[in-house]
Protein chains: 2
Amino acid sequence: MIAKTIQPPYYAVIFTSIRTSIDEKGYQNTAEIMDRLARRQEGYLGVESARNELGITVSYWSSTDAILKWKKECAHMAAQLLGKEKWYEDYRVRVCKVEREYGLT
Amino acid sequence: MIAKTIQPPYYAVIFTSIRTSIDEKGYQNTAEIMDRLARRQEGYLGVESARNELGITVSYWSSTDAILKWKKECAHMAAQLLGKEKWYEDYRVRVCKVEREYGLT
């Protein structure tokens, strides 16, 4: 689903990652839990995700403060640690300000 | 591949799309040509792409001027038109300023 976001400006976190081949089930479970948890965060606007060799998850937020709170959320911090230790071979996090947007319709 | 970008600030274009089931071959051909063409544009920094039901392509640029020039590049404009007419059921383009980034290493 294409995220239904607000009028810019708002914020995006582009999370690009390459998975290890370790613990697919644990990774999937945690990803689902994190997805549900993120949706309940204040300032959450939406998420878009796709994965082939490369995984891209873009989450949208109303402010950098909301992003920081999500980064420091307790269960999310535990998931980040497991991500670093076993799930990701490599990743990059880019925090962006969405300045303008347009679509097909 | 995770794009090797420069120190922020720089720019990102998040292109999120849902394909029609029309003309997969023509779409793939044009996507490859556009990829090669984009890499030769001034100000191009890199690209990341993944597709399941949803497709996400994030291209990185040194300036909004570089993004505008790529948007108006002749062959790219023709491809955009075909995209609107037959390849995409829906899409969203978000132009962003990357303010900070970090990775695993």
# chains A, B, ... in the order shown; residues from 1 in each chain; ligands from 1
call {"tool": "residues_around", "arguments": {"residues": "region 73-86 of chain B", "least_positions_apart": "5", "cutoff": "8 Å", "atoms": "only C-alpha atoms", "output": "ChimeraX atom specification"}}
result
/A:104 /B:20,22-23,30,34
call {"tool": "write_last_selection", "arguments": {"atoms": "C-alpha atoms", "output": "compact mmCIF listing (two decimals), in the first residue's frame"}}
result
# COMPACT_ATOMS: atom_id res chain seq x y z
CA LEU A 104 -0.71 9.84 -10.40
CA THR B 20 -0.54 -2.70 -13.58
CA ILE B 22 0.36 -4.60 -18.53
CA ASP B 23 3.51 -4.79 -20.68
CA THR B 30 12.50 1.08 -20.06
CA MET B 34 16.21 4.91 -17.29
call {"tool": "interface_residues", "arguments": {"of": "chain A", "to": "chain B", "cutoff": "9 Å", "atoms": "only C-alpha atoms", "output": "VMD selection string"}}
result
chain A and resid 1 to 3 11 to 12 14 16 to 18 48 to 58 84 88 to 105
call {"tool": "write_last_selection", "arguments": {"atoms": "C-alpha atoms", "output": "compact mmCIF listing (two decimals), in the first residue's frame"}}
result
# COMPACT_ATOMS: atom_id res chain seq x y z
CA MET A 1 0.00 0.00 0.00
CA ILE A 2 1.16 3.49 -0.83
CA ALA A 3 1.10 5.47 2.43
CA TYR A 11 9.55 13.54 7.80
CA ALA A 12 10.65 10.22 6.32
CA ILE A 14 14.52 5.53 4.75
CA THR A 16 17.73 0.25 3.57
CA SER A 17 19.03 -3.15 4.59
CA ILE A 18 20.61 -6.41 3.53
CA GLU A 48 5.95 1.51 2.87
CA SER A 49 8.06 -1.60 2.52
CA ALA A 50 9.54 -3.89 -0.13
CA ARG A 51 12.34 -6.45 -0.19
CA ASN A 52 14.29 -8.36 -2.83
CA GLU A 53 18.05 -8.70 -2.30
CA LEU A 54 17.75 -5.24 -0.83
CA GLY A 55 15.06 -4.29 1.66
CA ILE A 56 13.64 -0.79 1.76
CA THR A 57 11.29 0.41 4.49
CA VAL A 58 10.22 4.04 4.49
CA LYS A 84 22.73 -5.34 14.52
CA TYR A 88 21.36 -7.46 9.13
CA GLU A 89 24.50 -7.87 7.12
CA ASP A 90 24.37 -4.15 6.43
CA TYR A 91 21.94 -1.26 6.72
CA ARG A 92 21.63 2.47 6.31
CA VAL A 93 19.21 4.86 8.01
CA ARG A 94 18.49 8.19 6.34
CA VAL A 95 16.37 10.80 8.09
CA CYS A 96 14.75 13.18 5.61
CA LYS A 97 12.42 16.13 5.46
CA VAL A 98 9.75 15.59 2.79
CA GLU A 99 9.49 18.94 1.02
CA ARG A 100 7.01 18.20 -1.76
CA GLU A 101 5.07 15.31 -3.20
CA TYR A 102 2.74 14.42 -6.02
CA GLY A 103 1.08 11.34 -7.45
CA LEU A 104 -0.71 9.84 -10.40
CA THR A 105 -4.07 11.31 -9.45
call {"tool": "select_by_dssp", "arguments": {"residues": "chain A", "states": "strand (DSSP E or B)", "output": "PyMOL selection string"}}
result
chain A and resi 10-19+44-51+55-61+88-103
call {"tool": "select_by_dssp", "arguments": {"residues": "chain A", "states": "helix (DSSP H, G or I)", "output": "PyMOL selection string"}}
result
chain A and resi 24-39+64-71+74-87
call {"tool": "atom_distance", "arguments": {"atom1": "CA of Ser62 (chain A)", "atom2": "CA of Ala38 (chain A)"}}
result
12.9 Å
call {"tool": "residues_around", "arguments": {"residues": "Gly43 (chain B)", "least_positions_apart": "2", "cutoff": "9 Å", "atoms": "only C-alpha atoms", "output": "list in words"}}
result
Arg40, Gln41, Leu45, Tyr60, Trp61, Ser62, Ser63, Asp65, Ala66 and Ile67 of chain B
call {"tool": "atom_distance", "arguments": {"atom1": "CA of Asn29 (chain B)", "atom2": "CA of Trp87 (chain B)"}}
result
12.1 Å
call {"tool": "decode", "arguments": {"residues": "region 40-70 of chain B", "atoms": "C-alpha atoms", "output": "CSV table (one decimal), in the first residue's frame"}}
result
chain,number,residue,atom,x,y,z
B,40,ARG,CA,24.9,9.7,-16.1
B,41,GLN,CA,23.0,12.7,-14.9
B,42,GLU,CA,24.8,15.5,-13.2
B,43,GLY,CA,24.2,15.4,-9.4
B,44,TYR,CA,23.2,11.7,-9.4
B,45,LEU,CA,24.5,10.1,-6.2
B,46,GLY,CA,22.9,6.6,-6.2
B,47,VAL,CA,19.8,4.5,-6.3
B,48,GLU,CA,18.1,1.8,-4.2
B,49,SER,CA,15.2,-0.3,-5.4
B,50,ALA,CA,12.9,-3.2,-4.3
B,51,ARG,CA,9.6,-4.5,-5.4
B,52,ASN,CA,6.9,-6.9,-4.1
B,53,GLU,CA,3.3,-5.8,-4.4
B,54,LEU,CA,4.6,-2.4,-3.8
B,55,GLY,CA,7.7,-1.0,-5.6
B,56,ILE,CA,10.0,1.5,-3.9
B,57,THR,CA,12.8,3.2,-5.7
B,58,VAL,CA,14.8,5.8,-3.9
B,59,SER,CA,17.2,7.9,-6.0
B,60,TYR,CA,19.7,10.3,-4.4
B,61,TRP,CA,20.8,13.6,-5.7
B,62,SER,CA,23.2,16.5,-4.8
B,63,SER,CA,20.5,19.2,-5.2
B,64,THR,CA,16.9,19.9,-6.1
B,65,ASP,CA,18.1,21.4,-9.3
B,66,ALA,CA,19.6,18.1,-10.3
B,67,ILE,CA,16.3,16.4,-9.5
B,68,LEU,CA,14.4,18.9,-11.7
B,69,LYS,CA,16.8,18.4,-14.6
B,70,TRP,CA,16.3,14.7,-14.4
